[in-house]
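Worksheet: the structure to be examined is printed underneath.
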Amino acid sequence: MSLRKCALAVCASLSLAVSGLATATPIVDQDNPTMIGGFCSTGAGFLCGQSFRQTSSNISGAGIFVHPAWTTSRSGDVTIGIFDAVTGGNMLAQGTAYNIDSNSGWVDVFWNPVALTANTDYFLRLSTTNRELVAAYSNSGAYVNGNAVYDGYVYTTYDLTFRTYADEEAAAVPEPVSLALLGMGLLGVAASRRKLGKG
């Protein structure tokens, strides 16, 4: 195989590797799946949320469990936002799920991965167009890395039934083999250009 063909083959395989790294693959990072009862209304004007600490250095989505015992007479749109403070603060990301009712169970939203500082307090906040949608909770401090928040008050023995997502590949650092392939590809391209220049 000529040097030029070899360089092209390496570049093609490198292109596949890089495109694979760019593909979003959300994984559950924080998870508090225990559901006991309804905790807080998610209607506009109510601060219903949960503090948490992401293990990953990014966040690409979040989910809550809508308690099924409340009315199913109408549905609403549920927005989940990530903030750096309990009240006020900067919104880092948000997503909306549409036409949700109390039979929906888990409601997940996703966005492009946003960088976070791992193991730092962040806050998930909920809002909806239907005040009768209620976020479920677990008690006895089931989730150890945060607490439920309602109308600005932190409930230290309650947690929402929630989960967060991270993008596994966005957080990954290219492995040595990928870096070696990149180096070989660049060397091959440079060598083929020198050869073509002489010809």
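Every chain in the structure tokens has a letter given in the order shown (A, B, ...), and although residue numbers restart at 1 in each chain, ligands are simply numbered from 1 in the order shown.
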
Show me, as a PyMOL selection string, the residues that have an atom within 8 Å of Asp31 in chain A when counting only C-alpha atoms, minus same-chain residues fewer than 6 positions from it. chain A and resi 162-164

Go ahead and write the residues just picked, N, CA, C and O atoms, as a short mmCIF file (atom, residue, chain, number, x, y, z; two decimals), in the first residue's frame.
data_model
loop_
_atom_site.label_atom_id
_atom_site.label_comp_id
_atom_site.auth_asym_id
_atom_site.auth_seq_id
_atom_site.Cartn_x
_atom_site.Cartn_y
_atom_site.Cartn_z
N PHE A 162 -36.32 11.88 41.33
CA PHE A 162 -35.72 12.55 40.18
C PHE A 162 -34.50 11.78 39.69
O PHE A 162 -34.01 10.86 40.33
N ARG A 163 -34.01 12.18 38.54
CA ARG A 163 -32.75 11.66 38.02
C ARG A 163 -32.12 12.71 37.11
O ARG A 163 -32.81 13.60 36.60
N THR A 164 -30.81 12.62 36.96
CA THR A 164 -30.12 13.50 36.02
C THR A 164 -29.30 12.64 35.07
O THR A 164 -29.00 11.48 35.35
#

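In this comparison, which uses only C-alpha atoms, the residue of A:Ala142, A:Phe110, A:Val86, A:Ala115 approaching Leu47 in chain A most closely is A:Val86.
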
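Among the candidates A:Asn130, A:Thr161, A:Thr79, A:Ser56, the one nearest to Tyr143 in chain A when counting only C-alpha atoms is A:Thr161.
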
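Checking A:Ser75, A:Thr120, A:Gln54, A:Thr128 one by one against Ala166 in chain A, counting only C-alpha atoms, you find the shortest gap at A:Gln54.
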
Fewer than 6 positions away in the same chain doesn't count, so skip those; otherwise give me all residues within 10 Å of Ala118 in chain A, counting only C-alpha atoms, as a PyMOL selection string. chain A and resi 53-59

Any idea what's packed within 10 Å of Ser60 in chain A, counting only C-alpha atoms, ignoring anything in its chain fewer than 4 positions away? Could you give it as a list in words? Ala24, Thr25, Pro26, Ile27, Val28, Asp29, Ala93, Gln94, Gly95, Val109, Phe110, Trp111, Asn112, Pro113, Val114, Ala115, Thr164, Tyr165, Ala166, Asp167, Glu168 and Ala170 of chain A

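The shortest atom-to-atom distance to Tyr158 in chain A, with only C-alpha atoms taken into account, belongs to A:Asn139 out of A:Asn139, A:Ala69, A:Ala97, A:Arg74.
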
Which of range 7-139 of chain A DSSP labels strand (DSSP E), written as a PyMOL selection string: chain A and resi 26-32+37-41+48-53+58-65+76-83+91-100+106-115+121-128+134-139

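Remark: for Ala136 in chain A, the closest of the candidate residues A:Gly89, A:Gly43, A:Gly105, A:Gly61 is A:Gly105 (distances computed over only C-alpha atoms).
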
Which of range 3-165 of chain A end up as helix (DSSP H, G or I) when DSSP is run on this backbone - answer as a VMD selection string? chain A and resid 3 to 22

Print the selection's residues with N, CA, C and O atoms to a file, as a PDB file, in the first residue's frame.
ATOM      1  N   LEU A   3       2.134   5.162   0.509  1.00  0.00           N
ATOM      2  CA  LEU A   3       2.063   6.017   1.687  1.00  0.00           C
ATOM      3  C   LEU A   3       0.793   6.867   1.674  1.00  0.00           C
ATOM      4  O   LEU A   3       0.137   7.056   2.683  1.00  0.00           O
ATOM      5  N   ARG A   4       0.441   7.349   0.450  1.00  0.00           N
ATOM      6  CA  ARG A   4      -0.754   8.192   0.343  1.00  0.00           C
ATOM      7  C   ARG A   4      -2.008   7.406   0.684  1.00  0.00           C
ATOM      8  O   ARG A   4      -2.884   7.867   1.403  1.00  0.00           O
ATOM      9  N   LYS A   5      -2.110   6.168   0.148  1.00  0.00           N
ATOM     10  CA  LYS A   5      -3.288   5.336   0.436  1.00  0.00           C
ATOM     11  C   LYS A   5      -3.365   5.010   1.916  1.00  0.00           C
ATOM     12  O   LYS A   5      -4.435   4.986   2.513  1.00  0.00           O
ATOM     13  N   CYS A   6      -2.201   4.741   2.499  1.00  0.00           N
ATOM     14  CA  CYS A   6      -2.158   4.444   3.936  1.00  0.00           C
ATOM     15  C   CYS A   6      -2.651   5.639   4.728  1.00  0.00           C
ATOM     16  O   CYS A   6      -3.433   5.512   5.658  1.00  0.00           O
ATOM     17  N   ALA A   7      -2.191   6.846   4.327  1.00  0.00           N
ATOM     18  CA  ALA A   7      -2.608   8.054   5.037  1.00  0.00           C
ATOM     19  C   ALA A   7      -4.111   8.248   4.921  1.00  0.00           C
ATOM     20  O   ALA A   7      -4.783   8.602   5.881  1.00  0.00           O
ATOM     21  N   LEU A   8      -4.662   8.004   3.725  1.00  0.00           N
ATOM     22  CA  LEU A   8      -6.102   8.151   3.539  1.00  0.00           C
ATOM     23  C   LEU A   8      -6.883   7.146   4.370  1.00  0.00           C
ATOM     24  O   LEU A   8      -7.923   7.460   4.934  1.00  0.00           O
ATOM     25  N   ALA A   9      -6.370   5.913   4.462  1.00  0.00           N
ATOM     26  CA  ALA A   9      -7.047   4.893   5.266  1.00  0.00           C
ATOM     27  C   ALA A   9      -7.055   5.274   6.734  1.00  0.00           C
ATOM     28  O   ALA A   9      -8.057   5.121   7.434  1.00  0.00           O
ATOM     29  N   VAL A  10      -5.908   5.777   7.219  1.00  0.00           N
ATOM     30  CA  VAL A  10      -5.819   6.200   8.618  1.00  0.00           C
ATOM     31  C   VAL A  10      -6.783   7.358   8.868  1.00  0.00           C
ATOM     32  O   VAL A  10      -7.493   7.404   9.862  1.00  0.00           O
ATOM     33  N   CYS A  11      -6.824   8.325   7.937  1.00  0.00           N
ATOM     34  CA  CYS A  11      -7.720   9.467   8.109  1.00  0.00           C
ATOM     35  C   CYS A  11      -9.184   9.031   8.112  1.00  0.00           C
ATOM     36  O   CYS A  11      -9.994   9.577   8.848  1.00  0.00           O
ATOM     37  N   ALA A  12      -9.524   8.034   7.266  1.00  0.00           N
ATOM     38  CA  ALA A  12     -10.907   7.556   7.232  1.00  0.00           C
ATOM     39  C   ALA A  12     -11.287   6.920   8.555  1.00  0.00           C
ATOM     40  O   ALA A  12     -12.359   7.180   9.099  1.00  0.00           O
ATOM     41  N   SER A  13     -10.398   6.090   9.103  1.00  0.00           N
ATOM     42  CA  SER A  13     -10.702   5.453  10.391  1.00  0.00           C
ATOM     43  C   SER A  13     -10.739   6.490  11.499  1.00  0.00           C
ATOM     44  O   SER A  13     -11.538   6.404  12.423  1.00  0.00           O
ATOM     45  N   LEU A  14      -9.870   7.507  11.397  1.00  0.00           N
ATOM     46  CA  LEU A  14      -9.857   8.572  12.391  1.00  0.00           C
ATOM     47  C   LEU A  14     -11.158   9.362  12.335  1.00  0.00           C
ATOM     48  O   LEU A  14     -11.729   9.717  13.354  1.00  0.00           O
ATOM     49  N   SER A  15     -11.656   9.618  11.121  1.00  0.00           N
ATOM     50  CA  SER A  15     -12.914  10.344  10.958  1.00  0.00           C
ATOM     51  C   SER A  15     -14.060   9.594  11.628  1.00  0.00           C
ATOM     52  O   SER A  15     -14.902  10.183  12.297  1.00  0.00           O
ATOM     53  N   LEU A  16     -14.088   8.269  11.473  1.00  0.00           N
ATOM     54  CA  LEU A  16     -15.130   7.467  12.118  1.00  0.00           C
ATOM     55  C   LEU A  16     -15.021   7.561  13.633  1.00  0.00           C
ATOM     56  O   LEU A  16     -16.012   7.675  14.336  1.00  0.00           O
ATOM     57  N   ALA A  17     -13.790   7.526  14.148  1.00  0.00           N
ATOM     58  CA  ALA A  17     -13.590   7.593  15.593  1.00  0.00           C
ATOM     59  C   ALA A  17     -14.059   8.927  16.145  1.00  0.00           C
ATOM     60  O   ALA A  17     -14.719   9.003  17.171  1.00  0.00           O
ATOM     61  N   VAL A  18     -13.730  10.023  15.431  1.00  0.00           N
ATOM     62  CA  VAL A  18     -14.115  11.347  15.903  1.00  0.00           C
ATOM     63  C   VAL A  18     -15.627  11.516  15.850  1.00  0.00           C
ATOM     64  O   VAL A  18     -16.239  12.052  16.771  1.00  0.00           O
ATOM     65  N   SER A  19     -16.278  11.037  14.763  1.00  0.00           N
ATOM     66  CA  SER A  19     -17.726  11.167  14.693  1.00  0.00           C
ATOM     67  C   SER A  19     -18.400  10.377  15.802  1.00  0.00           C
ATOM     68  O   SER A  19     -19.415  10.770  16.339  1.00  0.00           O
ATOM     69  N   GLY A  20     -17.803   9.258  16.213  1.00  0.00           N
ATOM     70  CA  GLY A  20     -18.342   8.482  17.318  1.00  0.00           C
ATOM     71  C   GLY A  20     -18.274   9.238  18.628  1.00  0.00           C
ATOM     72  O   GLY A  20     -19.174   9.183  19.443  1.00  0.00           O
ATOM     73  N   LEU A  21     -17.180  10.011  18.826  1.00  0.00           N
ATOM     74  CA  LEU A  21     -17.032  10.775  20.050  1.00  0.00           C
ATOM     75  C   LEU A  21     -18.071  11.885  20.148  1.00  0.00           C
ATOM     76  O   LEU A  21     -18.456  12.291  21.221  1.00  0.00           O
ATOM     77  N   ALA A  22     -18.529  12.380  18.992  1.00  0.00           N
ATOM     78  CA  ALA A  22     -19.456  13.500  19.002  1.00  0.00           C
ATOM     79  C   ALA A  22     -20.906  13.050  19.237  1.00  0.00           C
ATOM     80  O   ALA A  22     -21.775  13.869  19.438  1.00  0.00           O
TER      81      ALA A  22
END

All residues 10 Å or closer to Gly76 in chain A, only C-alpha atoms, same chain fewer than 6 positions away omitted, as a ChimeraX atom specification: /A:43,97-102,127-133

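Pairwise distance (CA of Glu169 in chain A, CA of Ile82 in chain A) equals 20.6 Å.
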
CA of Phe65 in chain A to CA of Gly88 in chain A, distance in Å rounded to a single decimal: 24.1 Å

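Take the candidates A:Trp106, A:Gly38, A:Gln50, A:Pro68 and check each one against Thr156 in chain A using only C-alpha atoms; the shortest distance goes to A:Gln50.
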
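For the pair CA of Thr34 in chain A and CA of Phe83 in chain A, the separation is 23.5 Å.
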